[in-house]
Amino acid sequence: MFIKTLATLAILLSSLSLSGAALAQANAYPSKSIRLIIPFPPGGGTDILSRLVANKLTETAKWTVVPDNKAGAGGTIGITEATKAAPTGYDMVMGQKDNLVVGPWLYGNLPWDPTKDLVAVAHVAYTPVVIATAANSRFKTLADVVNAAKAAPDTITYGSPGNGTTIHLAGHLFEKAANVNIRHIPYKGSNPALIDALAGNVDLLVSSVPSAIAQIKAGKLRALAVTSAARSSTLPDVPTVAESGYKDFDVATWYGLFMPANTPAAIVATMNTKVNELLATPEMRAAIQAQGAEPQAMKPEAFANLLKTDYAKWKGIVQASGAKIE
């Protein structure tokens, strides 16, 4: 009994020692530069948002946050690298719905589970999808599209940045909600889809707001609806799909910071606090909104819950769409 008590005491002291070490590490954090993995090429929406966060953290918190583009395979290569990094708080990744929620069900053989191999640190922003058409199109409203699609099924076309993207699946979900058949034309990226929509080669463009906003503002594209629950602050006059008659329709892409699983909770809390403070500043909010996104702060627990909920929900959506990448 005495020996067992000593053993228990030793385990307790060891645990306290480890907790103390983790706390000391968190208190000294960061003591060197932090790498922010960007899982897409330079110049895109995710890259712009990531560099904005990195630069502002460096500027306001006096930390050194270094962007590192690791593109490929729909963003999953960068995520894979993040899951393999040491859980010390010095490697994080800008994850989003496409690579953490949709990607795993598209590829099917990824060596990680986003709900187990990463820890949610800080939600940064979300962006709705916009349904648009060329300015000279016969479609003036979303109702015009639905009526035409019902009159001539499978003759109306919509372009998206690619098969299996959140944007493609937003179009698929709208088809189901409106009970119509609209033919999906997948492109290799946002720009080719945009160019064909402007030329009238596809009837509709389904796009992220950041990718389409310049042409909408220039009057070359007509925005018919956004897919988020609330209107976009960038396009305040454009109704939501829900307002257009499809109750509870809500599809948006979110962006946020993640670290490897087992990163100390105190370090996660420190980063979350700094990012949330940043998102509360008018300057940062305006900079994010200028990109067509909506800033939104969350505590780590709320962000982790969002990931888990979406991960389970979108499995069925991806499977129902038939989208798959070998």
# chains A, B, ... in the order shown; residues from 1 in each chain; ligands from 1

$ residues_around --residues "Ala225 in chain A" --least-positions-apart "3" --cutoff "7 Å" --atoms "only C-alpha atoms" --output "CSV table (one decimal) with all heavy atoms, in the first residue's frame"
chain,number,residue,atom,x,y,z
A,130,VAL,N,-21.3,33.6,-54.5
A,130,VAL,CA,-22.2,34.5,-55.3
A,130,VAL,C,-22.6,33.8,-56.6
A,130,VAL,O,-21.8,33.1,-57.2
A,130,VAL,CB,-21.6,35.9,-55.6
A,130,VAL,CG1,-20.3,35.7,-56.5
A,130,VAL,CG2,-22.6,36.8,-56.2
A,131,ILE,N,-23.9,33.9,-56.9
A,131,ILE,CA,-24.4,33.4,-58.1
A,131,ILE,C,-24.6,34.6,-59.0
A,131,ILE,O,-25.4,35.5,-58.7
A,131,ILE,CB,-25.8,32.6,-57.9
A,131,ILE,CG1,-25.6,31.5,-57.0
A,131,ILE,CG2,-26.3,32.1,-59.3
A,131,ILE,CD1,-26.9,30.8,-56.6
A,142,LEU,N,-32.8,35.6,-59.5
A,142,LEU,CA,-32.7,34.2,-59.3
A,142,LEU,C,-34.0,33.4,-59.8
A,142,LEU,O,-33.9,32.3,-60.3
A,142,LEU,CB,-32.4,33.9,-57.9
A,142,LEU,CG,-31.7,32.5,-57.5
A,142,LEU,CD1,-30.4,32.4,-58.3
A,142,LEU,CD2,-31.5,32.4,-56.0
A,238,VAL,N,-27.4,42.9,-52.8
A,238,VAL,CA,-27.7,41.6,-53.4
A,238,VAL,C,-28.4,40.7,-52.4
A,238,VAL,O,-27.8,40.4,-51.3
A,238,VAL,CB,-26.3,40.9,-53.9
A,238,VAL,CG1,-26.6,39.5,-54.5
A,238,VAL,CG2,-25.7,41.8,-54.9
A,239,PRO,N,-29.5,40.1,-52.7
A,239,PRO,CA,-30.3,39.3,-51.7
A,239,PRO,C,-29.6,37.9,-51.5
A,239,PRO,O,-28.8,37.5,-52.3
A,239,PRO,CB,-31.6,39.1,-52.4
A,239,PRO,CG,-31.3,39.2,-53.9
A,239,PRO,CD,-30.2,40.3,-54.0
A,240,THR,N,-29.9,37.3,-50.4
A,240,THR,CA,-29.4,35.9,-50.2
A,240,THR,C,-30.3,35.0,-50.9
A,240,THR,O,-31.4,35.3,-51.3
A,240,THR,CB,-29.4,35.6,-48.7
A,240,THR,OG1,-30.8,35.6,-48.2
A,240,THR,CG2,-28.6,36.6,-47.9
A,241,VAL,N,-29.8,33.7,-51.1
A,241,VAL,CA,-30.7,32.7,-51.6
A,241,VAL,C,-31.9,32.5,-50.8
A,241,VAL,O,-33.0,32.2,-51.2
A,241,VAL,CB,-29.8,31.4,-51.8
A,241,VAL,CG1,-30.7,30.2,-52.2
A,241,VAL,CG2,-28.7,31.6,-52.9

$ residues_around --residues "range 65-69 of chain A" --least-positions-apart "3" --cutoff "12 Å" --atoms "only C-alpha atoms" --output "MDAnalysis selection string"
chainID A and resid 30:44 46:62 72 75 77:79 81:82 89:94 271

$ closest_residue --among "A:Thr273, A:Thr83, A:Thr133, A:Thr166" --to "Trp112 in chain A" --atoms "only C-alpha atoms"
A:Thr83

$ closest_residue --among "A:Ser232, A:Asp203, A:Ile167, A:Val318" --to "Ala149 in chain A" --atoms "only C-alpha atoms"
A:Asp203

$ atom_distance --atom1 "CA of Leu110 in chain A" --atom2 "CA of Tyr311 in chain A"
14.2 Å

$ closest_residue --among "A:Ile156, A:Leu221, A:Val119, A:Ile267" --to "Asn136 in chain A" --atoms "only C-alpha atoms"
A:Leu221

$ closest_residue --among "A:His184, A:Lys220, A:Lys313, A:Lys84" --to "Gly171 in chain A" --atoms "only C-alpha atoms"
A:His184

$ decode --residues "range 183-198 of chain A" --atoms "all heavy atoms" --output "mmCIF file, in the first residue's frame"
data_model
loop_
_atom_site.group_PDB
_atom_site.id
_atom_site.type_symbol
_atom_site.label_atom_id
_atom_site.label_comp_id
_atom_site.auth_asym_id
_atom_site.auth_seq_id
_atom_site.Cartn_x
_atom_site.Cartn_y
_atom_site.Cartn_z
ATOM 1 N N ARG A 183 -26.852 22.438 -65.581
ATOM 2 C CA ARG A 183 -25.648 21.675 -65.925
ATOM 3 C C ARG A 183 -24.389 22.354 -65.383
ATOM 4 O O ARG A 183 -24.133 23.531 -65.632
ATOM 5 C CB ARG A 183 -25.532 21.520 -67.437
ATOM 6 C CG ARG A 183 -24.488 20.476 -67.862
ATOM 7 C CD ARG A 183 -24.319 20.441 -69.356
ATOM 8 N NE ARG A 183 -25.602 20.451 -70.043
ATOM 9 C CZ ARG A 183 -25.756 20.799 -71.317
ATOM 10 N NH1 ARG A 183 -24.704 21.189 -72.035
ATOM 11 N NH2 ARG A 183 -26.943 20.770 -71.888
ATOM 12 N N HIS A 184 -23.601 21.589 -64.642
ATOM 13 C CA HIS A 184 -22.359 22.105 -64.054
ATOM 14 C C HIS A 184 -21.215 21.989 -65.060
ATOM 15 O O HIS A 184 -20.975 20.922 -65.628
ATOM 16 C CB HIS A 184 -22.009 21.314 -62.783
ATOM 17 C CG HIS A 184 -20.686 21.669 -62.201
ATOM 18 N ND1 HIS A 184 -19.749 20.720 -61.798
ATOM 19 C CD2 HIS A 184 -20.126 22.883 -61.938
ATOM 20 C CE1 HIS A 184 -18.685 21.331 -61.327
ATOM 21 N NE2 HIS A 184 -18.887 22.640 -61.394
ATOM 22 N N ILE A 185 -20.486 23.105 -65.247
ATOM 23 C CA ILE A 185 -19.298 23.110 -66.104
ATOM 24 C C ILE A 185 -18.099 23.443 -65.212
ATOM 25 O O ILE A 185 -17.917 24.600 -64.819
ATOM 26 C CB ILE A 185 -19.398 24.159 -67.238
ATOM 27 C CG1 ILE A 185 -20.723 24.021 -68.004
ATOM 28 C CG2 ILE A 185 -18.201 24.047 -68.170
ATOM 29 C CD1 ILE A 185 -20.891 22.713 -68.732
ATOM 30 N N PRO A 186 -17.277 22.443 -64.852
ATOM 31 C CA PRO A 186 -16.125 22.713 -63.981
ATOM 32 C C PRO A 186 -14.942 23.282 -64.763
ATOM 33 O O PRO A 186 -14.670 22.853 -65.880
ATOM 34 C CB PRO A 186 -15.791 21.329 -63.415
ATOM 35 C CG PRO A 186 -16.257 20.362 -64.462
ATOM 36 C CD PRO A 186 -17.431 21.008 -65.140
ATOM 37 N N TYR A 187 -14.278 24.256 -64.180
ATOM 38 C CA TYR A 187 -13.081 24.851 -64.776
ATOM 39 C C TYR A 187 -11.885 24.587 -63.863
ATOM 40 O O TYR A 187 -12.050 24.135 -62.722
ATOM 41 C CB TYR A 187 -13.265 26.361 -64.967
ATOM 42 C CG TYR A 187 -14.247 26.718 -66.063
ATOM 43 C CD1 TYR A 187 -15.619 26.701 -65.809
ATOM 44 C CD2 TYR A 187 -13.813 27.061 -67.336
ATOM 45 C CE1 TYR A 187 -16.534 27.022 -66.810
ATOM 46 C CE2 TYR A 187 -14.715 27.384 -68.339
ATOM 47 C CZ TYR A 187 -16.073 27.358 -68.063
ATOM 48 O OH TYR A 187 -16.973 27.674 -69.058
ATOM 49 N N LYS A 188 -10.708 24.875 -64.373
ATOM 50 C CA LYS A 188 -9.496 24.736 -63.568
ATOM 51 C C LYS A 188 -9.151 26.087 -62.948
ATOM 52 O O LYS A 188 -8.228 26.777 -63.369
ATOM 53 C CB LYS A 188 -8.344 24.203 -64.413
ATOM 54 C CG LYS A 188 -8.563 22.767 -64.869
ATOM 55 C CD LYS A 188 -7.371 22.231 -65.649
ATOM 56 C CE LYS A 188 -7.591 20.781 -66.051
ATOM 57 N NZ LYS A 188 -6.444 20.237 -66.818
ATOM 58 N N GLY A 189 -9.963 26.477 -61.978
ATOM 59 C CA GLY A 189 -9.733 27.739 -61.301
ATOM 60 C C GLY A 189 -10.835 28.751 -61.555
ATOM 61 O O GLY A 189 -11.686 28.583 -62.439
ATOM 62 N N SER A 190 -10.792 29.831 -60.770
ATOM 63 C CA SER A 190 -11.844 30.847 -60.832
ATOM 64 C C SER A 190 -11.789 31.691 -62.099
ATOM 65 O O SER A 190 -12.831 32.005 -62.694
ATOM 66 C CB SER A 190 -11.735 31.776 -59.610
ATOM 67 O OG SER A 190 -11.918 31.055 -58.420
ATOM 68 N N ASN A 191 -10.580 32.076 -62.541
ATOM 69 C CA ASN A 191 -10.464 32.985 -63.676
ATOM 70 C C ASN A 191 -11.031 32.434 -64.986
ATOM 71 O O ASN A 191 -11.737 33.141 -65.710
ATOM 72 C CB ASN A 191 -9.013 33.426 -63.870
ATOM 73 C CG ASN A 191 -8.630 34.528 -62.900
ATOM 74 O OD1 ASN A 191 -9.495 35.201 -62.342
ATOM 75 N ND2 ASN A 191 -7.336 34.721 -62.695
ATOM 76 N N PRO A 192 -10.742 31.169 -65.348
ATOM 77 C CA PRO A 192 -11.328 30.641 -66.589
ATOM 78 C C PRO A 192 -12.860 30.623 -66.549
ATOM 79 O O PRO A 192 -13.510 30.921 -67.549
ATOM 80 C CB PRO A 192 -10.758 29.218 -66.679
ATOM 81 C CG PRO A 192 -9.501 29.264 -65.879
ATOM 82 C CD PRO A 192 -9.783 30.208 -64.756
ATOM 83 N N ALA A 193 -13.419 30.281 -65.390
ATOM 84 C CA ALA A 193 -14.877 30.285 -65.256
ATOM 85 C C ALA A 193 -15.429 31.701 -65.398
ATOM 86 O O ALA A 193 -16.456 31.932 -66.060
ATOM 87 C CB ALA A 193 -15.276 29.699 -63.900
ATOM 88 N N LEU A 194 -14.747 32.654 -64.798
ATOM 89 C CA LEU A 194 -15.147 34.057 -64.874
ATOM 90 C C LEU A 194 -15.119 34.565 -66.311
ATOM 91 O O LEU A 194 -16.067 35.220 -66.783
ATOM 92 C CB LEU A 194 -14.222 34.897 -63.996
ATOM 93 C CG LEU A 194 -14.408 36.416 -64.010
ATOM 94 C CD1 LEU A 194 -15.756 36.792 -63.436
ATOM 95 C CD2 LEU A 194 -13.290 37.090 -63.231
ATOM 96 N N ILE A 195 -14.056 34.247 -67.032
ATOM 97 C CA ILE A 195 -13.906 34.698 -68.422
ATOM 98 C C ILE A 195 -15.032 34.154 -69.295
ATOM 99 O O ILE A 195 -15.625 34.880 -70.108
ATOM 100 C CB ILE A 195 -12.519 34.277 -68.971
ATOM 101 C CG1 ILE A 195 -11.413 35.088 -68.273
ATOM 102 C CG2 ILE A 195 -12.454 34.463 -70.476
ATOM 103 C CD1 ILE A 195 -10.015 34.555 -68.518
ATOM 104 N N ASP A 196 -15.360 32.871 -69.120
ATOM 105 C CA ASP A 196 -16.431 32.281 -69.930
ATOM 106 C C ASP A 196 -17.797 32.840 -69.558
ATOM 107 O O ASP A 196 -18.677 32.969 -70.422
ATOM 108 C CB ASP A 196 -16.414 30.757 -69.790
ATOM 109 C CG ASP A 196 -15.669 30.095 -70.949
ATOM 110 O OD1 ASP A 196 -14.994 30.825 -71.704
ATOM 111 O OD2 ASP A 196 -15.756 28.863 -71.096
ATOM 112 N N ALA A 197 -17.997 33.161 -68.286
ATOM 113 C CA ALA A 197 -19.271 33.769 -67.863
ATOM 114 C C ALA A 197 -19.426 35.155 -68.483
ATOM 115 O O ALA A 197 -20.499 35.524 -68.973
ATOM 116 C CB ALA A 197 -19.348 33.844 -66.346
ATOM 117 N N LEU A 198 -18.350 35.935 -68.472
ATOM 118 C CA LEU A 198 -18.385 37.270 -69.066
ATOM 119 C C LEU A 198 -18.657 37.197 -70.567
ATOM 120 O O LEU A 198 -19.337 38.060 -71.136
ATOM 121 C CB LEU A 198 -17.055 37.994 -68.820
ATOM 122 C CG LEU A 198 -16.777 38.429 -67.375
ATOM 123 C CD1 LEU A 198 -15.335 38.892 -67.235
ATOM 124 C CD2 LEU A 198 -17.744 39.531 -66.944
#
